[in-house]
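Visitor: Below is the file work.cif, which contains mmCIF, C-alpha atoms.
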data_upload
loop_
_atom_site.label_atom_id
_atom_site.label_comp_id
_atom_site.auth_asym_id
_atom_site.auth_seq_id
_atom_site.Cartn_x
_atom_site.Cartn_y
_atom_site.Cartn_z
CA MET N 25 8.01 19.88 60.97
CA ASP N 26 7.88 19.38 64.75
CA HIS N 27 10.66 18.38 67.12
CA PHE N 28 11.17 17.90 70.83
CA ARG N 29 13.77 16.53 73.23
CA ASP N 30 12.80 13.30 75.01
CA GLY N 31 13.63 12.27 78.56
CA HIS N 32 17.00 10.89 77.45
CA GLY N 33 18.03 14.15 75.82
CA THR N 34 17.54 12.88 72.26
CA VAL N 35 15.88 15.25 69.78
CA ARG N 36 12.94 13.61 68.00
CA TYR N 37 11.65 14.96 64.67
CA TYR N 38 8.12 14.61 63.26
CA PHE N 39 6.33 15.60 60.09
CA ARG N 40 2.89 17.10 60.63
CA ARG N 41 0.57 19.21 58.55
CA PRO N 42 -1.72 21.57 60.48
CA GLY N 43 -4.40 19.50 62.16
CA GLY N 44 -2.82 16.27 60.91
CA LYS N 45 -1.14 13.34 62.64
CA ARG N 46 2.53 13.22 63.50
CA THR N 47 4.82 11.02 61.38
CA PRO N 48 8.19 10.21 63.03
CA LEU N 49 11.29 11.05 60.95
CA PRO N 50 14.45 8.97 61.60
CA GLY N 51 17.97 10.36 61.80
CA LEU N 52 19.00 13.98 61.51
CA PRO N 53 17.59 16.62 59.13
CA GLY N 54 19.36 16.35 55.79
CA SER N 55 20.42 12.70 56.25
CA GLU N 56 19.28 10.15 53.68
CA PRO N 57 16.91 8.21 56.04
CA PHE N 58 15.41 11.51 57.22
CA MET N 59 14.84 12.86 53.69
CA VAL N 60 13.40 9.58 52.38
CA ALA N 61 10.92 9.44 55.28
CA TYR N 62 10.15 13.15 54.84
CA GLN N 63 9.36 12.72 51.14
CA ALA N 64 7.22 9.69 51.92
CA ALA N 65 5.30 11.67 54.55
CA LEU N 66 4.75 14.46 52.03
CA ALA N 67 3.29 11.95 49.59
CA MET N 68 0.99 10.35 52.16
CA THR N 69 -1.32 13.36 52.49
CA THR N 70 -4.80 14.11 51.25
CA VAL N 71 -5.59 13.96 47.55
CA GLU N 72 -5.85 17.73 47.38
CA LYS N 73 -2.37 18.17 48.83
CA VAL N 74 -0.85 15.39 46.75
CA LYS N 75 -2.04 17.01 43.53
CA GLU N 76 0.08 20.06 44.36
CA ARG N 77 3.25 18.01 44.17
CA GLY N 78 5.52 19.01 41.30
CA GLY N 79 4.92 21.11 38.23
CA PRO N 80 2.93 19.96 35.19
CA GLY N 81 4.71 17.26 33.22
CA THR N 82 7.31 16.51 35.89
CA PHE N 83 8.08 13.18 37.48
CA ASP N 84 6.90 14.55 40.83
CA ARG N 85 3.46 15.25 39.35
CA LEU N 86 3.44 11.84 37.63
CA LEU N 87 4.32 10.06 40.86
CA ALA N 88 1.54 11.89 42.71
CA GLU N 89 -0.94 10.70 40.09
CA TYR N 90 0.41 7.18 40.28
CA PHE N 91 -0.04 7.08 44.06
CA GLU N 92 -3.69 8.12 43.55
CA SER N 93 -4.35 5.58 40.77
CA ALA N 94 -6.34 2.37 41.02
CA GLN N 95 -3.23 0.57 39.77
CA PHE N 96 -1.35 1.58 42.92
CA ILE N 97 -4.21 1.50 45.41
CA SER N 98 -5.12 -2.08 44.37
CA LEU N 99 -1.73 -3.34 45.55
CA LYS N 100 -1.53 -5.00 48.95
CA ALA N 101 -0.78 -2.60 51.81
CA PRO N 102 2.78 -3.90 52.47
CA THR N 103 3.54 -3.66 48.75
CA ARG N 104 2.22 -0.09 48.60
CA ARG N 105 4.46 0.88 51.50
CA ALA N 106 7.49 -0.75 49.92
CA TYR N 107 6.81 0.85 46.52
CA ARG N 108 6.24 4.28 48.01
CA LEU N 109 9.52 4.21 49.93
CA ALA N 110 11.40 2.79 46.93
CA TYR N 111 10.14 5.56 44.65
CA GLU N 112 10.84 8.31 47.16
CA ARG N 113 14.38 7.01 47.68
CA LEU N 114 14.99 6.69 43.92
CA PHE N 115 13.70 10.21 43.28
CA LEU N 116 15.87 11.60 46.06
CA LEU N 117 19.08 9.85 45.01
CA GLU N 118 18.69 10.54 41.29
CA ASP N 119 17.07 14.00 41.56
CA ILE N 120 14.31 12.88 39.19
CA GLY N 121 11.28 14.64 40.62
CA ARG N 122 11.75 18.09 39.08
CA ARG N 123 12.67 16.72 35.64
CA PRO N 124 10.19 16.48 32.73
CA VAL N 125 8.83 13.00 32.08
CA ALA N 126 8.99 13.56 28.31
CA GLY N 127 12.71 14.31 28.51
CA MET N 128 13.91 11.02 30.00
CA GLN N 129 16.15 9.16 27.55
CA ARG N 130 17.44 5.61 27.49
CA VAL N 131 20.93 6.77 28.47
CA VAL N 132 19.54 8.15 31.76
CA VAL N 133 18.05 4.76 32.65
CA GLU N 134 21.30 3.03 31.73
CA ARG N 135 23.23 5.50 33.91
CA ILE N 136 20.95 4.75 36.87
CA MET N 137 21.57 1.03 36.32
CA ALA N 138 25.33 1.55 36.03
CA LYS N 139 25.50 3.28 39.41
CA ARG N 140 24.19 0.08 40.97
CA VAL N 141 26.15 -2.46 38.95
CA ASP N 142 27.81 -3.74 42.15
CA ARG N 143 24.31 -4.33 43.59
CA PRO N 144 22.39 -6.14 40.83
CA SER N 145 19.20 -6.52 42.83
CA ALA N 146 19.12 -2.76 43.54
CA ALA N 147 19.75 -1.99 39.86
CA ASN N 148 17.01 -4.36 38.76
CA ASP N 149 14.56 -2.94 41.27
CA ALA N 150 15.27 0.60 40.02
CA LEU N 151 14.64 -0.58 36.46
CA LYS N 152 11.41 -2.27 37.52
CA LYS N 153 10.11 0.82 39.29
CA LEU N 154 10.99 3.11 36.38
CA ARG N 155 9.38 0.70 33.92
CA ILE N 156 6.12 0.73 35.91
CA LEU N 157 6.13 4.51 36.10
CA VAL N 158 6.97 5.02 32.40
CA LYS N 159 4.15 2.71 31.30
CA PHE N 160 1.82 4.67 33.56
CA ALA N 161 3.14 7.89 31.97
CA ILE N 162 2.41 6.58 28.48
CA ASN N 163 -1.15 5.71 29.49
CA ARG N 164 -1.57 9.22 30.92
CA GLY N 165 -0.22 10.87 27.77
CA TYR N 166 3.00 12.19 29.29
CA ARG N 167 5.03 10.58 26.50
CA LYS N 168 4.66 8.05 23.66
CA ASP N 169 7.83 5.94 23.86
CA ASP N 170 9.38 3.76 26.57
CA PRO N 171 13.06 4.53 27.33
CA THR N 172 13.31 1.38 29.47
CA LEU N 173 12.42 -0.87 26.54
CA HIS N 174 14.96 -3.65 25.79
CA ILE N 175 17.18 -2.71 28.75
CA LYS N 176 18.11 -6.05 30.26
CA LYS N 177 18.17 -6.78 33.94
CA LEU N 178 21.53 -7.52 35.54
CA LYS N 179 22.26 -11.09 36.52
CA GLU N 180 21.66 -11.57 40.24
CA GLY N 181 23.29 -14.11 42.48
CA GLU N 182 20.98 -16.71 44.02
CA HIS N 183 20.60 -17.47 47.68
CA HIS N 184 22.75 -20.38 48.79
CA THR N 185 20.84 -23.61 49.42
CA TRP N 186 21.77 -25.08 52.78
CA THR N 187 23.54 -28.46 52.66
CA GLU N 188 22.83 -31.30 55.06
CA GLN N 189 26.19 -30.65 56.72
CA GLU N 190 25.20 -27.03 57.39
CA VAL N 191 21.80 -28.12 58.71
CA ALA N 192 23.53 -30.54 61.09
CA ALA N 193 25.98 -27.86 62.27
CA PHE N 194 23.17 -25.46 63.14
CA GLU N 195 21.20 -28.13 65.00
CA ALA N 196 24.31 -29.17 66.92
CA ARG N 197 24.77 -25.60 68.12
CA TRP N 198 21.11 -24.91 68.97
CA PRO N 199 19.38 -27.78 70.82
CA LEU N 200 15.67 -28.45 71.25
CA GLY N 201 13.93 -25.87 73.41
CA THR N 202 15.94 -22.88 72.17
CA GLN N 203 14.30 -20.06 70.26
CA GLN N 204 16.87 -20.38 67.49
CA ARG N 205 16.18 -24.09 66.94
CA THR N 206 12.43 -23.49 66.90
CA LEU N 207 12.75 -20.78 64.26
CA PHE N 208 15.13 -22.95 62.25
CA ALA N 209 12.68 -25.86 62.23
CA LEU N 210 9.79 -23.64 61.16
CA PHE N 211 11.85 -22.48 58.18
CA LEU N 212 13.16 -25.90 57.22
CA TYR N 213 9.96 -27.92 57.58
CA THR N 214 7.39 -25.45 56.27
CA GLY N 215 9.50 -23.99 53.44
CA GLN N 216 8.07 -20.50 53.94
CA ARG N 217 9.55 -17.03 53.48
CA VAL N 218 10.90 -14.96 56.38
CA VAL N 219 7.84 -12.68 56.44
CA ASP N 220 5.49 -15.67 56.73
CA VAL N 221 7.48 -17.45 59.45
CA ALA N 222 7.51 -14.19 61.43
CA ARG N 223 3.70 -14.09 61.35
CA MET N 224 3.08 -17.73 62.36
CA ALA N 225 0.97 -17.88 65.51
CA TRP N 226 -0.36 -20.67 67.69
CA ARG N 227 -3.90 -19.80 66.60
CA ASP N 228 -2.88 -20.89 63.09
CA VAL N 229 -2.24 -24.45 64.30
CA SER N 230 -5.16 -26.88 64.02
CA LEU N 231 -6.87 -28.22 67.15
CA ASP N 232 -5.22 -31.62 66.72
CA GLY N 233 -1.83 -29.87 66.48
CA ARG N 234 -0.87 -31.46 63.17
CA TRP N 235 -1.59 -28.72 60.63
CA ILE N 236 -0.79 -25.04 60.32
CA HIS N 237 -2.62 -22.47 58.22
CA VAL N 238 -0.45 -20.01 56.29
CA GLN N 239 -1.51 -17.15 54.03
CA GLN N 240 1.57 -15.97 52.21
CA GLU N 241 2.17 -12.24 52.43
CA LYS N 242 3.80 -11.93 49.01
CA THR N 243 1.21 -13.79 46.89
CA GLY N 244 -1.84 -14.12 49.14
CA THR N 245 -1.70 -17.90 48.60
CA LYS N 246 -3.48 -19.86 51.33
CA LEU N 247 -1.82 -23.08 52.45
CA GLU N 248 -2.72 -25.84 54.89
CA LEU N 249 0.61 -27.43 55.81
CA GLN N 250 0.88 -30.74 57.60
CA LEU N 251 3.53 -30.48 60.31
CA HIS N 252 6.44 -32.86 59.80
CA PRO N 253 7.17 -35.24 62.74
CA ASP N 254 10.57 -33.57 63.28
CA LEU N 255 8.87 -30.16 63.50
CA LEU N 256 6.29 -31.57 65.91
CA GLU N 257 9.15 -32.72 68.14
CA VAL N 258 10.66 -29.23 68.11
CA LEU N 259 7.33 -27.54 68.86
CA ALA N 260 6.65 -29.98 71.70
CA ALA N 261 9.79 -28.63 73.41
CA TRP N 262 8.70 -25.00 72.96
CA PRO N 263 6.22 -23.19 75.25
CA LYS N 264 2.75 -22.46 73.86
CA ASN N 265 0.74 -19.27 74.35
CA ASN N 266 -1.90 -17.21 72.59
CA GLY N 267 0.51 -15.13 70.49
CA PRO N 268 3.19 -15.72 67.86
CA ILE N 269 4.87 -19.12 67.88
CA VAL N 270 8.21 -17.33 68.28
CA ALA N 271 7.98 -13.83 69.73
CA THR N 272 10.32 -10.99 70.58
CA ALA N 273 11.37 -10.27 74.17
CA HIS N 274 8.27 -8.03 74.35
CA GLY N 275 5.93 -10.81 73.27
CA LYS N 276 5.31 -9.31 69.84
CA ALA N 277 5.71 -10.85 66.39
CA PHE N 278 9.11 -10.27 64.80
CA SER N 279 9.38 -7.86 61.89
CA THR N 280 10.82 -9.35 58.71
CA LYS N 281 14.07 -7.49 59.23
CA GLY N 282 14.18 -8.35 62.92
CA LEU N 283 13.71 -12.05 62.28
CA GLY N 284 16.34 -11.99 59.54
CA ASN N 285 18.79 -10.39 61.97
CA LYS N 286 17.90 -12.91 64.67
CA MET N 287 18.64 -15.81 62.33
CA ALA N 288 21.84 -14.14 61.08
CA ASP N 289 23.14 -13.96 64.68
CA ALA N 290 22.21 -17.61 65.29
CA ILE N 291 23.89 -18.70 62.05
CA ASP N 292 27.02 -16.79 62.94
CA ALA N 293 27.10 -18.37 66.41
CA ALA N 294 26.91 -21.80 64.74
CA GLY N 295 30.11 -21.04 62.86
CA LEU N 296 28.49 -21.12 59.43
CA SER N 297 29.51 -18.93 56.48
CA ASP N 298 27.80 -15.72 55.41
CA ASP N 299 26.32 -17.67 52.47
CA CYS N 300 23.90 -19.30 54.88
CA VAL N 301 20.85 -17.06 55.29
CA ALA N 302 17.29 -17.71 56.43
CA HIS N 303 15.86 -17.67 52.90
CA GLY N 304 18.28 -20.43 51.94
CA LEU N 305 16.35 -22.75 54.27
CA ARG N 306 13.30 -22.36 52.02
CA LYS N 307 15.47 -23.60 49.16
CA ALA N 308 16.83 -26.39 51.36
CA ALA N 309 13.27 -27.50 52.08
CA ALA N 310 12.55 -27.68 48.34
CA ARG N 311 15.82 -29.53 47.75
CA ARG N 312 14.98 -32.14 50.38
CA LEU N 313 11.55 -32.69 48.89
CA ALA N 314 13.03 -33.12 45.40
CA GLU N 315 15.62 -35.57 46.70
CA ALA N 316 12.82 -37.54 48.36
CA GLY N 317 11.24 -37.97 44.93
CA CYS N 318 8.46 -35.38 45.24
CA SER N 319 7.01 -34.02 42.00
CA PRO N 320 7.11 -30.27 41.25
CA HIS N 321 3.38 -30.09 42.03
CA GLU N 322 3.93 -31.77 45.40
CA ILE N 323 6.76 -29.36 46.22
CA ALA N 324 4.64 -26.37 45.21
CA SER N 325 1.86 -27.55 47.54
CA ILE N 326 4.27 -26.84 50.41
CA THR N 327 6.30 -23.88 49.21
CA GLY N 328 3.30 -22.15 47.63
CA HIS N 329 5.07 -21.42 44.34
CA LYS N 330 2.57 -20.70 41.56
CA SER N 331 5.09 -21.36 38.77
CA LEU N 332 6.67 -24.76 38.27
CA ALA N 333 9.60 -22.93 36.69
CA GLU N 334 10.21 -21.31 40.08
CA VAL N 335 10.13 -24.74 41.72
CA GLU N 336 12.74 -25.93 39.21
CA ARG N 337 14.91 -22.92 40.04
CA TYR N 338 14.61 -23.63 43.75
CA THR N 339 15.49 -27.30 43.34
CA ARG N 340 18.43 -26.66 41.04
CA ALA N 341 20.71 -27.43 43.97
CA VAL N 342 19.42 -30.99 44.37
CA GLU N 343 22.54 -32.94 45.22
CA GLN N 344 23.83 -34.58 42.02
CA ARG N 345 25.52 -37.43 43.87
CA HIS N 346 22.29 -38.34 45.65
CA LEU N 347 20.27 -38.26 42.45
CA ASN N 348 22.92 -40.29 40.64
CA SER N 349 22.72 -42.96 43.33
CA VAL N 350 18.91 -43.04 43.08
CA ALA N 351 19.08 -43.24 39.29
CA ASN N 352 21.57 -46.12 39.36
CA SER N 353 19.43 -48.02 41.86
CA LYS N 354 16.57 -47.91 39.36
CA LEU N 355 18.71 -49.31 36.54
CA ALA N 356 18.75 -53.12 36.71
CA PRO N 357 22.15 -54.71 36.00
CA ARG N 358 22.44 -56.12 32.47
CA LYS N 359 23.53 -59.77 32.19
CA VAL N 360 25.60 -60.97 29.20
CA PRO N 361 26.77 -64.53 28.41
CA THR N 362 30.43 -65.36 29.06
CA GLN N 363 32.37 -68.49 28.12
CA ILE N 364 33.89 -70.26 31.13
CA GLY N 365 35.57 -73.59 30.36
CA SER N 366 33.23 -75.71 28.29
CA GLY N 367 30.02 -74.18 29.62
CA THR N 368 28.19 -70.87 29.08
CA GLN N 369 27.57 -68.64 32.07
CA THR N 370 26.18 -65.12 32.55
CA GLU N 371 27.98 -62.19 34.07
CA GLU N 372 26.71 -58.83 35.28
CA ILE N 373 28.34 -55.79 33.67
#
Would you mind writing the structure in this file as structure tokens?
Guide:
Amino acid sequence: MDHFRDGHGTVRYYFRRPGGKRTPLPGLPGSEPFMVAYQAALAMTTVEKVKERGGPGTFDRLLAEYFESAQFISLKAPTRRAYRLAYERLFLLEDIGRRPVAGMQRVVVERIMAKRVDRPSAANDALKKLRILVKFAINRGYRKDDPTLHIKKLKEGEHHTWTEQEVAAFEARWPLGTQQRTLFALFLYTGQRVVDVARMAWRDVSLDGRWIHVQQEKTGTKLELQLHPDLLEVLAAWPKNNGPIVATAHGKAFSTKGLGNKMADAIDAAGLSDDCVAHGLRKAAARRLAEAGCSPHEIASITGHKSLAEVERYTRAVEQRHLNSVANSKLAPRKVPTQIGSGTQTEEI
């Protein structure tokens, strides 16, 4: 490990094998961010070095083999990075690495889940990662049974779908020509995830300015999205260049986390609740399309969902009052005969 003091007096730490490249390590030695990054740097070495990790039959050795496998290498680069960090963090927090793979019991998995019961998504991600690794272990002959079998995921809360009142409040706070309003419109009218909005660049817009090409980071789905007139109005008030549609102060594309934080600050400044997050605008886009009468296939052509069940989940927040009004408008009034005086008339009921 290398370290030096920069011009501001801050000590910087790096991981480096002899003759290798430096990998920056955040925080102080012994802190959780430092140790997670250190373990990840250890894992990202040559095949010969990786094979030395852990003793025979241990989780450390299994993880090293998994990182070398076609199953792992075939994942997209961002997914590989996320998986690697997730595994290193899980191994560090649960002290799994030195333990024998054959000795893991169901109660251990349940205990790991229980520690995260207040964070269902974290618990479910830990279960998912262990399940992947155990199945890999079975294929490699480390063990014959699956201790994660029949362990149910915890119920997770869903992102809040923005209402029209919340949309109006944000737009009232951030007028045309502001960075916040431009980002907001990209979310609301393209229905894309934070990572995909962050990557949108002017080069992705067609020559006639009416379409934008998107390749979704999560699924690899390629979309050609027609720009809604309201989005065109927003973009017309925003300066064009050769880089990202919305860039950082340094002219670079936002990171996913950076863009999420940017939107969180803008949402807070608009006086909206913590329930309103950037991803909820993707759900609001789907809700609007459903309320306009779009079919699940039409909605999926914009959001990029491959499963119609996912579209249904996203449009679960379609406003009941609106749909009830639409449904009633389609039901013709029924006329029944009524007796008035000596004649017969009809009356709507």
Visitor: Could you check the closest approach to His252 (chain N) for each of N:Pro268, N:Pro50, N:Gly215, N:Pro320 and tell me which residue wins, using only C-alpha atoms?
Guide: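 Nearest to His252 (chain N): N:Gly215.
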Visitor: Please evaluate the PyMOL selection byres ((chain N and resi 167) around 12) against the displayed coordinates and give the resulting residues as a list in words.
Guide: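 Residues picked by the PyMOL selection byres ((chain N and resi 167) around 12): Gly81, Thr82, Phe83, Leu86, Pro124, Val125, Ala126, Gly127, Met128, Gln129, Leu157, Val158, Lys159, Phe160, Ala161, Ile162, Asn163, Arg164, Gly165, Tyr166, Lys168, Asp169, Asp170 and Pro171 of chain N.
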Visitor: One decimal, Å: what's the distance from CA of Gly267 (chain N) over to CA of Gly282 (chain N), could you say?
Guide: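 Rounded to one decimal, the two atoms are 17.0 Å apart.
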Visitor: What are the closest atom pairs, with distances in Å to one decimal, for each residue of region 173-255 of chain N lying within 10 Å of region 306-310 of chain N, using only C-alpha atoms, rows by chain and rising residue number, as a Markdown table?
Guide:
| residue | atom | partner | partner_atom | distance |
| --- | --- | --- | --- | --- |
| N:His183 | CA | N:Lys307 | CA | 8.1 |
| N:His184 | CA | N:Lys307 | CA | 8.0 |
| N:Thr185 | CA | N:Ala308 | CA | 5.3 |
| N:Trp186 | CA | N:Ala308 | CA | 5.3 |
| N:Thr187 | CA | N:Ala308 | CA | 7.1 |
| N:Glu188 | CA | N:Ala308 | CA | 8.6 |
| N:Val191 | CA | N:Ala308 | CA | 9.0 |
| N:Leu210 | CA | N:Arg306 | CA | 9.9 |
| N:Phe211 | CA | N:Arg306 | CA | 6.3 |
| N:Leu212 | CA | N:Ala309 | CA | 5.4 |
| N:Tyr213 | CA | N:Ala309 | CA | 6.4 |
| N:Thr214 | CA | N:Ala309 | CA | 7.5 |
| N:Gly215 | CA | N:Arg306 | CA | 4.4 |
| N:Gln216 | CA | N:Arg306 | CA | 5.9 |
| N:Arg217 | CA | N:Arg306 | CA | 6.7 |
| N:Val218 | CA | N:Arg306 | CA | 8.9 |
Visitor: For the file shown, report as a PyMOL selection string the outcome of the PyMOL selection byres ((chain N and resi 230-233) around 10) at residue level.
Guide: chain N and resi 226-229+234-237+248+250-251+256+259-260
Visitor: Put those residues in a file: C-alpha atoms, as an mmCIF file, in the frame of the given file.
Guide:
data_model
loop_
_atom_site.group_PDB
_atom_site.id
_atom_site.type_symbol
_atom_site.label_atom_id
_atom_site.label_comp_id
_atom_site.auth_asym_id
_atom_site.auth_seq_id
_atom_site.Cartn_x
_atom_site.Cartn_y
_atom_site.Cartn_z
ATOM 1 C CA TRP N 226 -0.360 -20.670 67.690
ATOM 2 C CA ARG N 227 -3.900 -19.800 66.600
ATOM 3 C CA ASP N 228 -2.880 -20.890 63.090
ATOM 4 C CA VAL N 229 -2.240 -24.450 64.300
ATOM 5 C CA ARG N 234 -0.870 -31.460 63.170
ATOM 6 C CA TRP N 235 -1.590 -28.720 60.630
ATOM 7 C CA ILE N 236 -0.790 -25.040 60.320
ATOM 8 C CA HIS N 237 -2.620 -22.470 58.220
ATOM 9 C CA GLU N 248 -2.720 -25.840 54.890
ATOM 10 C CA GLN N 250 0.880 -30.740 57.600
ATOM 11 C CA LEU N 251 3.530 -30.480 60.310
ATOM 12 C CA LEU N 256 6.290 -31.570 65.910
ATOM 13 C CA LEU N 259 7.330 -27.540 68.860
ATOM 14 C CA ALA N 260 6.650 -29.980 71.700
#
Visitor: Please list as number ranges by chain every residue within 12 Å of region 94-97 of chain N, counting all atoms listed in the file and excluding residues in the same chain fewer than 3 positions away.
Guide: N: 87-91, 100-108, 156-157, 159-160, 163
Visitor: Give me the residues near His174 (chain N) as a list of chain:residue names, where near means some atom within 12 Å (using only C-alpha atoms) and where sequence neighbours in that chain fewer than 2 positions away do not count.
Guide: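 The residues that qualify are N:Arg130, N:Val133, N:Glu134, N:Leu151, N:Arg155, N:Asp170, N:Pro171, N:Thr172, N:Lys176, N:Lys177.
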Visitor: Using all atoms listed in the file, pick whichever of N:Val219, N:Leu247, N:Met287, N:Ala302 has the shortest atom-to-atom distance to Lys330 (chain N).
Guide: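 Going through N:Val219, N:Leu247, N:Met287, N:Ala302 one by one, the smallest distance to Lys330 (chain N) is for N:Leu247.
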Visitor: To one decimal place, how far is CA of Ala209 (chain N) from CA of Val270 (chain N) in Å?
Guide: 11.4 Å
Visitor: Kindly resolve the PyMOL selection byres ((chain N and resi 223) around 8) on the present coordinates and return the residues as a VMD selection string.
Guide: chain N and resid 219 to 222 224 to 225 268 277 to 278
Visitor: Report, in Å to a single decimal, how far apart CA of Val301 (chain N) and CA of Gly284 (chain N) are.
Guide: 8.0 Å
Visitor: Find the residues around Thr243 (chain N) up to 9 Å (all atoms listed in the file counted), leave out those fewer than 4 positions away in its own chain, and share them as a VMD selection string.
Guide: chain N and resid 239 328 to 330
Visitor: Please provide the set of residues having any atom within 7 Å of Glu112 (chain N), restricted to only C-alpha atoms, with same-chain residues fewer than 3 positions apart removed, written as a short mmCIF file (atom, residue, chain, number, x, y, z; two decimals) with C-alpha atoms, in the frame of the given file.
Guide:
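Result file part.cif:
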data_model
loop_
_atom_site.label_atom_id
_atom_site.label_comp_id
_atom_site.auth_asym_id
_atom_site.auth_seq_id
_atom_site.Cartn_x
_atom_site.Cartn_y
_atom_site.Cartn_z
CA VAL N 60 13.40 9.58 52.38
CA GLN N 63 9.36 12.72 51.14
CA ALA N 64 7.22 9.69 51.92
CA ARG N 108 6.24 4.28 48.01
CA LEU N 109 9.52 4.21 49.93
CA PHE N 115 13.70 10.21 43.28
CA LEU N 116 15.87 11.60 46.06
#
Visitor: Which of these residues is nearest to Pro80 (chain N), using only C-alpha atoms: N:Thr202, N:Gly121, N:Asn285, N:Ala150?
Guide: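 Nearest to Pro80 (chain N): N:Gly121.
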Visitor: Compute the distance from (11.1, -28.7, 45.2) to each atom, counting only C-alpha atoms, keep the residues with any atom at most 7 Å away, and return them as an MDAnalysis selection string; use the coordinates of the file.
Guide: chainID N and resid 310:311 313:314 320 323:324 335:336 338:339
Visitor: Tell me which of N:Ile326, N:Ala110, N:Ala193, N:Ile175 sits closest to Val132 (chain N), counting all atoms listed in the file.
Guide: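 Nearest to Val132 (chain N): N:Ile175.
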Visitor: Some atoms are absent from region 179-192 of chain N, so rebuild N, CA and C atoms and return them as a short mmCIF file (atom, residue, chain, number, x, y, z; two decimals), in the frame of the given file.
Guide:
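Listing of rebuild36.cif after writing:
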data_model
loop_
_atom_site.label_atom_id
_atom_site.label_comp_id
_atom_site.auth_asym_id
_atom_site.auth_seq_id
_atom_site.Cartn_x
_atom_site.Cartn_y
_atom_site.Cartn_z
N LYS N 179 22.33 -9.75 35.95
CA LYS N 179 22.26 -11.09 36.52
C LYS N 179 22.48 -11.01 38.02
N GLU N 180 21.57 -11.59 38.78
CA GLU N 180 21.66 -11.57 40.24
C GLU N 180 22.15 -12.92 40.75
N GLY N 181 22.90 -12.87 41.82
CA GLY N 181 23.29 -14.11 42.48
C GLY N 181 22.10 -14.72 43.21
N GLU N 182 22.08 -16.03 43.34
CA GLU N 182 20.98 -16.71 44.02
C GLU N 182 21.36 -17.01 45.46
N HIS N 183 20.35 -17.09 46.29
CA HIS N 183 20.60 -17.47 47.68
C HIS N 183 21.16 -18.89 47.73
N HIS N 184 22.13 -19.06 48.59
CA HIS N 184 22.75 -20.38 48.79
C HIS N 184 21.74 -21.35 49.40
N THR N 185 21.69 -22.56 48.86
CA THR N 185 20.84 -23.61 49.42
C THR N 185 21.61 -24.36 50.49
N TRP N 186 21.07 -24.40 51.69
CA TRP N 186 21.77 -25.08 52.78
C TRP N 186 22.02 -26.55 52.44
N THR N 187 23.22 -27.04 52.80
CA THR N 187 23.54 -28.46 52.66
C THR N 187 23.15 -29.19 53.93
N GLU N 188 23.16 -30.51 53.87
CA GLU N 188 22.83 -31.30 55.06
C GLU N 188 23.89 -31.11 56.15
N GLN N 189 25.13 -30.89 55.74
CA GLN N 189 26.19 -30.65 56.72
C GLN N 189 25.95 -29.34 57.47
N GLU N 190 25.48 -28.33 56.75
CA GLU N 190 25.20 -27.03 57.39
C GLU N 190 23.98 -27.12 58.29
N VAL N 191 22.98 -27.89 57.86
CA VAL N 191 21.80 -28.12 58.71
C VAL N 191 22.22 -28.78 60.02
N ALA N 192 23.07 -29.81 59.91
CA ALA N 192 23.53 -30.54 61.09
C ALA N 192 24.34 -29.64 62.02
#
